[in-house]
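Source file: run-v8.csv; contents: CSV, C-alpha atoms.
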chain,number,residue,atom,x,y,z
W,15,MET,CA,96.7,216.6,68.9
W,16,GLU,CA,98.6,217.3,65.7
W,17,ALA,CA,97.7,214.1,63.8
W,18,LEU,CA,94.0,215.0,64.3
W,19,LYS,CA,94.4,218.6,63.1
W,20,GLU,CA,96.3,217.4,60.1
W,21,ARG,CA,93.5,214.9,59.3
W,22,ILE,CA,90.8,217.7,59.7
W,23,ARG,CA,92.9,219.9,57.4
W,24,ARG,CA,93.2,217.2,54.8
W,25,GLU,CA,89.7,215.6,54.9
W,26,GLY,CA,87.4,217.9,56.8
W,27,LYS,CA,84.8,219.7,54.8
W,28,ASN,CA,83.4,223.0,55.9
W,29,LEU,CA,79.8,222.7,54.7
W,30,GLY,CA,78.9,226.2,56.0
W,31,GLY,CA,76.7,227.2,58.9
W,32,GLY,CA,79.3,225.8,61.3
W,33,ILE,CA,78.9,222.3,60.0
W,34,LEU,CA,82.2,220.4,59.8
W,35,LYS,CA,82.0,217.1,57.9
W,36,VAL,CA,84.5,214.6,59.1
W,37,ASP,CA,82.7,211.5,57.9
W,38,SER,CA,85.9,210.0,56.5
W,39,PHE,CA,87.4,209.3,59.9
W,40,LEU,CA,85.0,210.1,62.7
W,41,ASN,CA,81.3,210.2,61.9
W,42,HIS,CA,80.5,207.5,59.3
W,43,GLN,CA,83.8,205.9,58.4
W,44,VAL,CA,86.0,205.7,61.4
W,45,ASP,CA,89.8,205.4,61.6
W,46,PRO,CA,90.4,203.0,64.5
W,47,ALA,CA,94.1,203.9,64.8
W,48,LEU,CA,93.3,207.6,65.0
W,49,MET,CA,90.5,206.8,67.6
W,50,LEU,CA,93.0,204.8,69.6
W,51,ALA,CA,95.4,207.7,69.7
W,52,ALA,CA,92.6,210.1,70.5
W,53,GLY,CA,91.4,207.9,73.4
W,54,GLY,CA,94.9,207.6,74.6
W,55,ALA,CA,95.4,211.4,74.6
W,56,LEU,CA,92.1,212.0,76.4
W,57,ALA,CA,92.9,209.3,79.0
W,58,ALA,CA,96.4,210.7,79.5
W,59,HIS,CA,94.9,214.1,80.2
W,60,PHE,CA,92.3,212.9,82.7
W,61,GLY,CA,94.0,209.8,84.0
W,62,ALA,CA,94.9,211.0,87.5
W,63,MET,CA,91.3,212.1,88.4
W,64,GLY,CA,90.0,208.9,89.9
W,65,ILE,CA,87.6,208.3,87.0
W,66,ASN,CA,85.8,204.9,87.2
W,67,LYS,CA,83.5,205.3,84.2
W,68,VAL,CA,83.4,206.9,80.8
W,69,PHE,CA,80.0,208.3,79.7
W,70,THR,CA,79.0,209.2,76.2
W,71,ALA,CA,76.0,209.5,73.9
W,72,GLU,CA,75.2,207.2,71.0
W,73,ILE,CA,76.1,207.3,68.2
W,74,SER,CA,79.3,209.2,67.2
W,75,GLY,CA,80.6,209.4,70.8
W,76,ILE,CA,81.0,205.7,71.1
W,77,ALA,CA,84.3,205.3,69.2
W,78,PRO,CA,86.3,207.9,71.0
W,79,ALA,CA,84.7,207.0,74.3
W,80,LEU,CA,85.5,203.3,73.9
W,81,THR,CA,89.2,204.0,73.2
W,82,THR,CA,89.4,206.4,76.1
W,83,ALA,CA,87.8,203.9,78.4
W,84,LEU,CA,90.2,201.2,77.1
W,85,ALA,CA,93.1,203.4,77.9
W,86,LEU,CA,91.7,204.2,81.4
W,87,GLY,CA,90.8,200.6,82.1
W,88,VAL,CA,87.2,201.4,83.0
W,89,PRO,CA,83.8,200.7,81.4
W,90,VAL,CA,82.0,203.0,79.1
W,91,VAL,CA,78.3,203.7,79.2
W,92,TYR,CA,76.5,205.2,76.2
W,93,ALA,CA,73.3,207.0,76.7
W,94,ARG,CA,70.6,205.7,74.4
W,95,LYS,CA,68.3,207.8,72.1
W,96,THR,CA,65.7,205.0,71.7
W,97,ARG,CA,64.8,202.6,74.3
W,98,PRO,CA,65.7,199.0,73.6
W,99,ILE,CA,63.4,196.4,75.1
W,100,THR,CA,66.2,195.3,77.4
W,101,MET,CA,66.2,198.7,79.1
W,102,PRO,CA,64.1,199.1,82.3
W,103,GLU,CA,61.2,201.5,82.1
W,104,GLN,CA,62.5,203.7,84.9
W,105,THR,CA,65.5,205.4,83.5
W,106,TYR,CA,67.2,208.7,83.7
W,107,VAL,CA,66.1,210.9,80.8
W,108,ALA,CA,67.4,214.3,79.5
W,109,SER,CA,66.6,216.0,76.3
W,110,ALA,CA,69.0,217.8,74.0
W,111,PRO,CA,68.5,219.7,70.8
W,112,SER,CA,70.7,218.4,68.0
W,113,HIS,CA,72.3,220.9,65.7
W,114,THR,CA,73.2,218.4,63.0
W,115,LYS,CA,69.9,216.5,63.1
W,116,GLY,CA,67.6,219.5,63.4
W,117,VAL,CA,65.5,217.9,66.1
W,118,SER,CA,65.5,217.5,69.8
W,119,VAL,CA,66.5,214.0,71.1
W,120,GLU,CA,66.0,212.3,74.4
W,121,LEU,CA,69.0,210.6,76.0
W,122,MET,CA,68.4,207.8,78.4
W,123,ALA,CA,70.6,206.0,80.9
W,124,SER,CA,69.8,203.1,83.1
W,125,PRO,CA,70.3,203.3,86.9
W,126,GLU,CA,71.8,199.9,86.6
W,127,PHE,CA,75.0,201.4,85.2
W,128,LEU,CA,75.2,204.9,86.5
W,129,GLY,CA,74.8,205.8,90.1
W,130,PRO,CA,76.2,207.3,93.3
W,131,GLY,CA,79.9,206.7,93.7
W,132,ASP,CA,80.5,206.9,90.0
W,133,GLU,CA,83.2,209.4,89.0
W,134,VAL,CA,82.4,210.1,85.4
W,135,LEU,CA,84.4,211.3,82.4
W,136,ILE,CA,82.1,212.6,79.7
W,137,ILE,CA,83.5,212.0,76.2
W,138,ASP,CA,82.0,213.1,72.9
W,139,ASP,CA,83.0,213.5,69.3
W,140,PHE,CA,82.1,217.2,69.2
W,141,LEU,CA,81.8,220.1,71.6
W,142,ALA,CA,79.7,222.7,69.7
W,143,ARG,CA,76.9,224.4,71.6
W,144,GLY,CA,77.3,222.0,74.5
W,145,LYS,CA,73.7,220.8,74.4
W,146,THR,CA,74.4,217.0,74.2
W,147,ILE,CA,77.1,217.2,76.8
W,148,ASP,CA,74.9,219.2,79.1
W,149,ALA,CA,72.2,216.5,78.7
W,150,LEU,CA,74.8,213.9,79.7
W,151,VAL,CA,75.8,216.0,82.7
W,152,ARG,CA,72.1,216.2,83.7
W,153,LEU,CA,71.8,212.4,83.4
W,154,ALA,CA,74.9,211.9,85.5
W,155,HIS,CA,73.5,214.3,88.1
W,156,GLN,CA,70.2,212.5,88.1
W,157,ALA,CA,72.1,209.4,88.9
W,158,SER,CA,74.0,211.2,91.7
W,159,ALA,CA,77.2,210.5,89.9
W,160,GLU,CA,80.1,213.1,89.9
W,161,VAL,CA,81.3,214.6,86.6
W,162,ARG,CA,85.1,214.8,86.8
W,163,GLY,CA,85.8,216.0,83.4
W,164,ILE,CA,84.7,216.5,79.8
W,165,GLY,CA,86.8,215.4,76.9
W,166,VAL,CA,86.0,215.9,73.2
W,167,VAL,CA,87.7,215.1,69.9
W,168,ILE,CA,86.8,218.4,68.1
W,169,GLU,CA,85.7,221.6,69.7
W,170,LYS,CA,84.0,224.3,67.6
W,171,ALA,CA,85.0,227.1,70.0
W,172,PHE,CA,83.0,229.7,68.1
W,173,GLU,CA,79.7,228.0,69.1
W,174,GLY,CA,80.1,228.7,72.8
W,175,GLY,CA,79.8,225.2,74.3
W,176,ARG,CA,82.7,225.8,76.7
W,177,GLU,CA,81.0,228.9,78.1
W,178,GLU,CA,77.7,227.0,78.3
W,179,LEU,CA,79.4,224.3,80.4
W,180,ALA,CA,81.5,226.7,82.6
W,181,TYR,CA,78.9,226.6,85.4
W,182,LEU,CA,80.1,223.0,86.1
W,183,ASP,CA,83.6,224.1,87.0
W,184,VAL,CA,85.1,220.9,85.7
W,185,PRO,CA,88.1,220.6,83.3
W,186,ILE,CA,87.2,220.5,79.6
W,187,HIS,CA,89.8,219.2,77.2
W,188,SER,CA,89.6,219.1,73.4
W,189,LEU,CA,92.0,217.4,71.1
W,190,ALA,CA,91.5,220.0,68.3
W,191,VAL,CA,90.0,223.4,68.8
W,192,ILE,CA,88.5,225.2,65.8
W,193,THR,CA,88.1,228.9,66.3
W,194,SER,CA,86.5,229.9,63.0
W,195,MET,CA,84.8,228.3,60.0
W,196,GLU,CA,84.0,231.6,58.3
W,197,ASN,CA,84.5,232.1,54.5
W,198,GLY,CA,84.9,228.3,54.0
W,199,GLU,CA,88.0,228.1,56.1
W,200,ILE,CA,88.8,225.9,59.0
W,201,VAL,CA,91.0,227.8,61.5
W,202,PHE,CA,92.5,226.1,64.5
W,203,GLY,CA,93.1,227.8,67.9
M,19,MET,CA,85.7,182.7,73.1
M,20,GLU,CA,85.6,181.4,76.7
M,21,ALA,CA,85.8,184.8,78.5
M,22,LEU,CA,82.8,186.0,76.6
M,23,LYS,CA,80.7,182.9,77.3
M,24,GLU,CA,81.7,183.2,81.0
M,25,ARG,CA,80.6,186.8,81.0
M,26,ILE,CA,77.3,185.9,79.4
M,27,ARG,CA,76.8,183.1,82.0
M,28,ARG,CA,77.5,185.6,84.8
M,29,GLU,CA,75.8,188.8,83.6
M,30,GLY,CA,73.5,187.8,80.7
M,31,LYS,CA,69.8,188.0,81.5
M,32,ASN,CA,67.3,185.8,79.6
M,33,LEU,CA,64.3,188.1,79.3
M,34,GLY,CA,62.2,185.5,77.5
M,35,GLY,CA,61.0,185.5,73.9
M,36,GLY,CA,64.6,185.0,72.8
M,37,ILE,CA,65.8,188.3,74.2
M,38,LEU,CA,69.2,188.2,75.8
M,39,LYS,CA,70.1,191.2,77.9
M,40,VAL,CA,73.8,191.9,77.9
M,41,ASP,CA,73.6,195.6,78.7
M,42,SER,CA,76.3,195.4,81.3
M,43,PHE,CA,79.1,194.7,78.8
M,44,LEU,CA,77.9,195.0,75.3
M,45,ASN,CA,74.7,197.1,74.7
M,46,HIS,CA,74.5,200.0,77.1
M,47,GLN,CA,77.6,199.6,79.3
M,48,VAL,CA,80.5,198.3,77.3
M,49,ASP,CA,83.6,196.5,78.6
M,50,PRO,CA,86.4,197.9,76.4
M,51,ALA,CA,88.9,195.2,77.3
M,52,LEU,CA,86.4,192.5,76.4
M,53,MET,CA,85.6,194.3,73.1
M,54,LEU,CA,89.3,194.5,72.3
M,55,ALA,CA,89.7,190.8,72.9
M,56,ALA,CA,86.5,190.1,70.8
M,57,GLY,CA,87.8,192.3,68.0
M,58,GLY,CA,91.2,190.6,68.1
M,59,ALA,CA,89.5,187.1,67.9
M,60,LEU,CA,87.3,188.2,65.0
M,61,ALA,CA,90.3,189.7,63.2
M,62,ALA,CA,92.4,186.6,63.8
M,63,HIS,CA,89.6,184.5,62.2
M,64,PHE,CA,89.2,186.6,59.1
M,65,GLY,CA,92.7,188.1,58.9
M,66,ALA,CA,93.9,186.3,55.8
M,67,MET,CA,91.0,187.2,53.6
M,68,GLY,CA,92.2,190.5,52.1
M,69,ILE,CA,89.6,192.5,53.9
M,70,ASN,CA,90.1,196.3,53.5
M,71,LYS,CA,87.0,197.5,55.4
M,72,VAL,CA,84.9,196.6,58.3
M,73,PHE,CA,81.2,197.3,57.9
M,74,THR,CA,78.6,197.5,60.7
M,75,ALA,CA,75.4,199.1,61.7
M,76,GLU,CA,74.9,201.7,64.4
M,77,ILE,CA,74.5,201.5,67.3
M,78,SER,CA,75.7,198.4,69.1
M,79,GLY,CA,77.8,197.0,66.3
M,80,ILE,CA,80.2,200.0,66.6
M,81,ALA,CA,82.2,198.8,69.6
M,82,PRO,CA,83.1,195.3,68.3
M,83,ALA,CA,83.5,196.5,64.7
M,84,LEU,CA,85.9,199.2,65.9
M,85,THR,CA,88.1,196.8,67.8
M,86,THR,CA,88.0,194.3,64.9
M,87,ALA,CA,89.0,197.1,62.4
M,88,LEU,CA,91.8,198.2,64.8
M,89,ALA,CA,93.2,194.7,64.9
M,90,LEU,CA,92.9,194.4,61.1
M,91,GLY,CA,94.4,197.8,60.5
M,92,VAL,CA,91.5,198.9,58.3
M,93,PRO,CA,88.8,201.6,58.5
M,94,VAL,CA,85.3,200.8,59.8
M,95,VAL,CA,82.1,202.2,58.2
M,96,TYR,CA,78.9,202.1,60.3
M,97,ALA,CA,75.6,202.3,58.4
M,98,ARG,CA,73.4,205.1,59.8
M,99,LYS,CA,69.8,204.8,60.8
M,100,THR,CA,69.1,208.5,60.6
M,101,ARG,CA,70.6,210.8,57.9
M,102,PRO,CA,72.9,213.4,59.4
M,103,ILE,CA,73.1,216.7,57.4
M,104,THR,CA,76.7,215.8,56.5
M,105,MET,CA,75.5,212.8,54.5
M,106,PRO,CA,74.8,213.2,50.7
M,107,GLU,CA,71.2,212.8,49.6
M,108,GLN,CA,72.2,209.9,47.3
M,109,THR,CA,73.0,207.0,49.5
M,110,TYR,CA,72.6,203.3,49.5
M,111,VAL,CA,69.5,202.4,51.5
M,112,ALA,CA,68.3,199.0,52.8
M,113,SER,CA,65.6,198.3,55.4
M,114,ALA,CA,65.7,195.8,58.2
M,115,PRO,CA,63.1,194.8,60.8
M,116,SER,CA,64.5,195.1,64.3
M,117,HIS,CA,63.6,192.4,66.7
M,118,THR,CA,64.6,194.3,69.8
M,119,LYS,CA,63.1,197.7,68.7
M,120,GLY,CA,59.9,196.3,67.3
M,121,VAL,CA,60.1,198.5,64.2
M,122,SER,CA,61.6,198.4,60.8
M,123,VAL,CA,64.7,200.6,60.3
M,124,GLU,CA,66.4,201.9,57.3
M,125,LEU,CA,70.2,201.6,57.1
M,126,MET,CA,72.1,204.1,55.0
M,127,ALA,CA,75.7,204.1,53.7
M,128,SER,CA,77.4,206.8,51.6
M,129,PRO,CA,79.0,205.9,48.3
M,130,GLU,CA,81.9,208.0,49.5
M,131,PHE,CA,83.0,205.2,51.8
M,132,LEU,CA,81.8,202.0,50.3
M,133,GLY,CA,82.3,201.0,46.7
M,134,PRO,CA,83.7,198.7,44.0
M,135,GLY,CA,87.0,197.2,45.1
M,136,ASP,CA,86.0,197.1,48.8
M,137,GLU,CA,86.4,193.7,50.4
M,138,VAL,CA,84.2,193.9,53.4
M,139,LEU,CA,84.0,192.1,56.7
M,140,ILE,CA,80.5,192.6,58.2
M,141,ILE,CA,80.6,192.8,62.1
M,142,ASP,CA,77.7,193.0,64.4
M,143,ASP,CA,76.9,192.5,68.1
M,144,PHE,CA,74.2,189.8,67.5
M,145,LEU,CA,73.3,187.3,64.8
M,146,ALA,CA,69.7,186.5,65.5
M,147,ARG,CA,67.3,186.3,62.5
M,148,GLY,CA,70.0,187.8,60.3
M,149,LYS,CA,67.8,190.7,59.2
M,150,THR,CA,70.3,193.6,60.1
M,151,ILE,CA,73.2,191.7,58.6
M,152,ASP,CA,71.2,190.9,55.5
M,153,ALA,CA,70.5,194.7,55.1
M,154,LEU,CA,74.2,195.4,55.5
M,155,VAL,CA,74.9,192.8,52.8
M,156,ARG,CA,72.4,194.5,50.5
M,157,LEU,CA,74.1,197.8,51.1
M,158,ALA,CA,77.5,196.4,50.3
M,159,HIS,CA,76.1,194.8,47.1
M,160,GLN,CA,74.4,198.1,46.1
M,161,ALA,CA,77.9,199.6,46.4
M,162,SER,CA,79.4,196.8,44.3
M,163,ALA,CA,81.6,195.8,47.3
M,164,GLU,CA,82.4,192.2,48.0
M,165,VAL,CA,81.3,190.7,51.3
M,166,ARG,CA,84.2,188.4,52.4
M,167,GLY,CA,82.9,187.3,55.8
M,168,ILE,CA,80.4,187.9,58.6
M,169,GLY,CA,81.6,188.0,62.3
M,170,VAL,CA,79.4,188.5,65.3
M,171,VAL,CA,79.9,188.6,69.0
M,172,ILE,CA,76.9,186.5,70.0
M,173,GLU,CA,74.8,184.2,67.8
M,174,LYS,CA,71.4,183.0,68.8
M,175,ALA,CA,71.5,179.9,66.7
M,176,PHE,CA,67.9,179.0,67.4
M,177,GLU,CA,66.6,182.1,65.5
M,178,GLY,CA,67.9,180.9,62.2
M,179,GLY,CA,70.1,183.8,61.0
M,180,ARG,CA,72.9,181.6,59.8
M,181,GLU,CA,70.5,179.7,57.5
M,182,GLU,CA,69.0,183.0,56.4
M,183,LEU,CA,72.5,184.1,55.3
M,184,ALA,CA,73.6,180.8,53.8
M,185,TYR,CA,72.7,181.9,50.3
M,186,LEU,CA,75.7,184.3,50.5
M,187,ASP,CA,78.2,181.4,50.7
M,188,VAL,CA,80.6,183.4,52.9
M,189,PRO,CA,82.1,182.3,56.2
M,190,ILE,CA,80.2,183.3,59.3
M,191,HIS,CA,82.0,183.3,62.6
M,192,SER,CA,80.5,183.9,66.1
M,193,LEU,CA,82.4,184.2,69.3
M,194,ALA,CA,79.6,182.7,71.4
M,195,VAL,CA,76.8,180.5,70.0
M,196,ILE,CA,73.7,180.2,72.0
M,197,THR,CA,71.6,177.2,71.0
M,198,SER,CA,68.7,177.5,73.4
M,199,MET,CA,67.1,180.1,75.7
M,200,GLU,CA,64.1,178.0,76.6
M,201,ASN,CA,62.9,177.7,80.3
M,202,GLY,CA,64.9,180.7,81.3
M,203,GLU,CA,68.2,179.0,80.5
M,204,ILE,CA,71.1,180.1,78.3
M,205,VAL,CA,72.6,177.1,76.6
M,206,PHE,CA,75.8,177.4,74.6
M,207,GLY,CA,76.6,175.3,71.5
For the structure just supplied, provide its representation as structure tokens.
Amino acid sequence: MEALKERIRREGKNLGGGILKVDSFLNHQVDPALMLAAGGALAAHFGAMGINKVFTAEISGIAPALTTALALGVPVVYARKTRPITMPEQTYVASAPSHTKGVSVELMASPEFLGPGDEVLIIDDFLARGKTIDALVRLAHQASAEVRGIGVVIEKAFEGGREELAYLDVPIHSLAVITSMENGEIVFG
Amino acid sequence: MEALKERIRREGKNLGGGILKVDSFLNHQVDPALMLAAGGALAAHFGAMGINKVFTAEISGIAPALTTALALGVPVVYARKTRPITMPEQTYVASAPSHTKGVSVELMASPEFLGPGDEVLIIDDFLARGKTIDALVRLAHQASAEVRGIGVVIEKAFEGGREELAYLDVPIHSLAVITSMENGEIVFG
């Protein structure tokens, strides 16, 4: 997605250690028009696969997942990191270490909204080491839902997430693939 | 917004103690089409006020804020509850007690994306006691931004948030106003 790559080139900041700061349009400030285009592109890619639900993790996955779900005409479920009092005590739980937060987080999803018969498209802002997405996959599998595809806005290919998730044998699609962030550069694949 | 009220009537659960569970379309599972309509309605209400930025709090404010911002053609900033490593150390900080979480949370916003000259529309999923929105107002004021309006999806009028925020003298608009949740009922105003 050329508009996205252009935006990363213009506003993305390589903070070193593989950290890409895109807080101006994705992770703190969000550009809704760009998200709508990103969701449309992800929906177009996975549209023919019988998906009935988009599944993501709070927080930064919500915007692209919402626009993807909007384009597909299906609901989106976001896995929660803290349990609101509206959530039942019996939930699916999977833990994932977070690179950018420096801690391990638990993701929770309620059996009310994820279950057998669900054909799930997992959407997230980043595919880095694949840990968050793998936790979403485990939640979906706990719910006996099928994972039909994985779509992300930005893939940092040099962190190996795609290989980590290869065991799933489902299509993975990224709107921008970064192959290297060495020497302060941002190199696209 | 009649479609929203109808959805609350059909799927909302009164858990007692003023807690409204709308996890099937707003707080865990999200209905993107309903959010698009909600954002459109909020944007229509505040559209003529020169707003250049929508401001919300993670997590559940993101969906309606994104669709409102989309309709207004402006960016959305979501205040963060935990500091990602991409966020500068010097941020605006305001704390708010959370009714549904049972703890006090700190909201943070970066001076990179909120500052003098910004004409802000605050959007959130709920207006209850007004504590989260008041924290957002304080963040905006720390940034020397102007708050032009406050829009929410669901107002629990019996919790007094509107009165709490009256000192601001800005328009507050809610798409569904609940006046009572006594005796297991959900009564609209």
Once you count all atoms listed in the file, what closest atom pair and distance in Å to one decimal does each residue of chain M within 8 Å of chain W have, with rows by chain and rising residue number, as JSON lines?
{"residue": "M:Leu33", "atom": "CA", "partner": "W:Thr100", "partner_atom": "CA", "distance": 7.7}
{"residue": "M:Ile37", "atom": "CA", "partner": "W:Thr100", "partner_atom": "CA", "distance": 7.7}
{"residue": "M:Leu38", "atom": "CA", "partner": "W:Thr100", "partner_atom": "CA", "distance": 7.9}
{"residue": "M:Lys39", "atom": "CA", "partner": "W:Thr100", "partner_atom": "CA", "distance": 5.7}
{"residue": "M:Asp41", "atom": "CA", "partner": "W:Thr100", "partner_atom": "CA", "distance": 7.5}
{"residue": "M:Ser42", "atom": "CA", "partner": "W:Phe127", "partner_atom": "CA", "distance": 7.3}
{"residue": "M:His46", "atom": "CA", "partner": "W:Tyr92", "partner_atom": "CA", "distance": 5.6}
{"residue": "M:Gln47", "atom": "CA", "partner": "W:Val91", "partner_atom": "CA", "distance": 4.2}
{"residue": "M:Val48", "atom": "CA", "partner": "W:Val90", "partner_atom": "CA", "distance": 5.3}
{"residue": "M:Asp49", "atom": "CA", "partner": "W:Pro89", "partner_atom": "CA", "distance": 5.1}
{"residue": "M:Pro50", "atom": "CA", "partner": "W:Leu84", "partner_atom": "CA", "distance": 5.1}
{"residue": "M:Ala51", "atom": "CA", "partner": "W:Leu84", "partner_atom": "CA", "distance": 6.1}
{"residue": "M:Glu76", "atom": "CA", "partner": "W:Ile73", "partner_atom": "CA", "distance": 6.9}
{"residue": "M:Ile77", "atom": "CA", "partner": "W:Ile73", "partner_atom": "CA", "distance": 6.1}
{"residue": "M:Ile80", "atom": "CA", "partner": "W:Ala77", "partner_atom": "CA", "distance": 7.2}
{"residue": "M:Ala81", "atom": "CA", "partner": "W:Ala77", "partner_atom": "CA", "distance": 6.8}
{"residue": "M:Leu84", "atom": "CA", "partner": "W:Pro46", "partner_atom": "CA", "distance": 6.1}
{"residue": "M:Thr85", "atom": "CA", "partner": "W:Pro46", "partner_atom": "CA", "distance": 7.4}
{"residue": "M:Ala87", "atom": "CA", "partner": "W:Pro46", "partner_atom": "CA", "distance": 6.4}
{"residue": "M:Leu88", "atom": "CA", "partner": "W:Pro46", "partner_atom": "CA", "distance": 5.0}
{"residue": "M:Gly91", "atom": "CA", "partner": "W:Ala47", "partner_atom": "CA", "distance": 7.5}
{"residue": "M:Val92", "atom": "CA", "partner": "W:Asp45", "partner_atom": "CA", "distance": 7.5}
{"residue": "M:Pro93", "atom": "CA", "partner": "W:Asp45", "partner_atom": "CA", "distance": 5.0}
{"residue": "M:Val94", "atom": "CA", "partner": "W:Val44", "partner_atom": "CA", "distance": 5.2}
{"residue": "M:Val95", "atom": "CA", "partner": "W:Gln43", "partner_atom": "CA", "distance": 4.1}
{"residue": "M:Tyr96", "atom": "CA", "partner": "W:His42", "partner_atom": "CA", "distance": 5.7}
{"residue": "M:Ala97", "atom": "CA", "partner": "W:His42", "partner_atom": "CA", "distance": 7.2}
{"residue": "M:Arg98", "atom": "CA", "partner": "W:His42", "partner_atom": "CA", "distance": 7.5}
{"residue": "M:Arg101", "atom": "CA", "partner": "W:Lys115", "partner_atom": "CA", "distance": 7.7}
{"residue": "M:Pro102", "atom": "CA", "partner": "W:Lys115", "partner_atom": "CA", "distance": 5.7}
{"residue": "M:Ile103", "atom": "CA", "partner": "W:Thr114", "partner_atom": "CA", "distance": 5.9}
{"residue": "M:Thr104", "atom": "CA", "partner": "W:Lys35", "partner_atom": "CA", "distance": 5.6}
{"residue": "M:Thr118", "atom": "CA", "partner": "W:Ile99", "partner_atom": "CA", "distance": 5.8}
{"residue": "M:Lys119", "atom": "CA", "partner": "W:Pro98", "partner_atom": "CA", "distance": 5.7}
{"residue": "M:Phe131", "atom": "CA", "partner": "W:Gln43", "partner_atom": "CA", "distance": 6.7}
Segment 62-138 of chain W near segment 150-163 of chain W within 8 Å: what's each residue's closest atom pair and its distance in Å to one decimal, counting only C-alpha atoms, ordered by chain then ascending residue number, as JSON lines?
{"residue": "W:Met63", "atom": "CA", "partner": "W:Arg162", "partner_atom": "CA", "distance": 6.9}
{"residue": "W:Ile65", "atom": "CA", "partner": "W:Arg162", "partner_atom": "CA", "distance": 7.0}
{"residue": "W:Phe69", "atom": "CA", "partner": "W:Leu150", "partner_atom": "CA", "distance": 7.6}
{"residue": "W:Thr70", "atom": "CA", "partner": "W:Leu150", "partner_atom": "CA", "distance": 7.2}
{"residue": "W:Ala71", "atom": "CA", "partner": "W:Leu150", "partner_atom": "CA", "distance": 7.4}
{"residue": "W:Ala93", "atom": "CA", "partner": "W:Leu150", "partner_atom": "CA", "distance": 7.7}
{"residue": "W:Tyr106", "atom": "CA", "partner": "W:Leu153", "partner_atom": "CA", "distance": 5.9}
{"residue": "W:Val107", "atom": "CA", "partner": "W:Leu153", "partner_atom": "CA", "distance": 6.4}
{"residue": "W:Ala108", "atom": "CA", "partner": "W:Leu153", "partner_atom": "CA", "distance": 6.2}
{"residue": "W:Leu121", "atom": "CA", "partner": "W:Leu150", "partner_atom": "CA", "distance": 7.6}
{"residue": "W:Met122", "atom": "CA", "partner": "W:Leu153", "partner_atom": "CA", "distance": 7.6}
{"residue": "W:Ala123", "atom": "CA", "partner": "W:Leu153", "partner_atom": "CA", "distance": 7.0}
{"residue": "W:Pro125", "atom": "CA", "partner": "W:Ala157", "partner_atom": "CA", "distance": 6.7}
{"residue": "W:Leu128", "atom": "CA", "partner": "W:Ala157", "partner_atom": "CA", "distance": 6.0}
{"residue": "W:Gly129", "atom": "CA", "partner": "W:Ala157", "partner_atom": "CA", "distance": 4.7}
{"residue": "W:Pro130", "atom": "CA", "partner": "W:Ser158", "partner_atom": "CA", "distance": 4.8}
{"residue": "W:Gly131", "atom": "CA", "partner": "W:Ala159", "partner_atom": "CA", "distance": 6.0}
{"residue": "W:Asp132", "atom": "CA", "partner": "W:Ala159", "partner_atom": "CA", "distance": 4.9}
{"residue": "W:Glu133", "atom": "CA", "partner": "W:Glu160", "partner_atom": "CA", "distance": 4.9}
{"residue": "W:Val134", "atom": "CA", "partner": "W:Val161", "partner_atom": "CA", "distance": 4.8}
{"residue": "W:Leu135", "atom": "CA", "partner": "W:Gly163", "partner_atom": "CA", "distance": 5.0}
{"residue": "W:Ile136", "atom": "CA", "partner": "W:Gly163", "partner_atom": "CA", "distance": 6.2}
Output of the above residues as a PDB file, keeping the file's coordinate frame, restricted to C-alpha atoms:
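Output contents, as saved in selection.pdb:
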ATOM      1  CA  MET W  63      91.300 212.100  88.400  1.00  0.00           C
ATOM      2  CA  ILE W  65      87.600 208.300  87.000  1.00  0.00           C
ATOM      3  CA  PHE W  69      80.000 208.300  79.700  1.00  0.00           C
ATOM      4  CA  THR W  70      79.000 209.200  76.200  1.00  0.00           C
ATOM      5  CA  ALA W  71      76.000 209.500  73.900  1.00  0.00           C
ATOM      6  CA  ALA W  93      73.300 207.000  76.700  1.00  0.00           C
ATOM      7  CA  TYR W 106      67.200 208.700  83.700  1.00  0.00           C
ATOM      8  CA  VAL W 107      66.100 210.900  80.800  1.00  0.00           C
ATOM      9  CA  ALA W 108      67.400 214.300  79.500  1.00  0.00           C
ATOM     10  CA  LEU W 121      69.000 210.600  76.000  1.00  0.00           C
ATOM     11  CA  MET W 122      68.400 207.800  78.400  1.00  0.00           C
ATOM     12  CA  ALA W 123      70.600 206.000  80.900  1.00  0.00           C
ATOM     13  CA  PRO W 125      70.300 203.300  86.900  1.00  0.00           C
ATOM     14  CA  LEU W 128      75.200 204.900  86.500  1.00  0.00           C
ATOM     15  CA  GLY W 129      74.800 205.800  90.100  1.00  0.00           C
ATOM     16  CA  PRO W 130      76.200 207.300  93.300  1.00  0.00           C
ATOM     17  CA  GLY W 131      79.900 206.700  93.700  1.00  0.00           C
ATOM     18  CA  ASP W 132      80.500 206.900  90.000  1.00  0.00           C
ATOM     19  CA  GLU W 133      83.200 209.400  89.000  1.00  0.00           C
ATOM     20  CA  VAL W 134      82.400 210.100  85.400  1.00  0.00           C
ATOM     21  CA  LEU W 135      84.400 211.300  82.400  1.00  0.00           C
ATOM     22  CA  ILE W 136      82.100 212.600  79.700  1.00  0.00           C
TER      23      ILE W 136
END
**Asked** Between M:Leu186, M:Ile204, M:Ala114, M:Ile26, which one has atoms that come closest to Ala153 of chain M, using only C-alpha atoms?
**Response** M:Ala114
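One finds atom CA of Tyr185 of chain M at 13.4 Å from atom CA of Lys149 of chain M.
One finds atom CA of Ala180 of chain W at 12.8 Å from atom CA of Leu141 of chain W.
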**Asked** Quick one: distance from atom CA of Met19 of chain M to atom CA of Gly57 of chain M in Å, one decimal?
**Response**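 These two atoms are separated by 11.1 Å.
Nearest residue to Gly165 of chain W among W:Glu178, W:Asp139, W:Asp148, W:Glu120 is W:Asp139, counting all atoms listed in the file.
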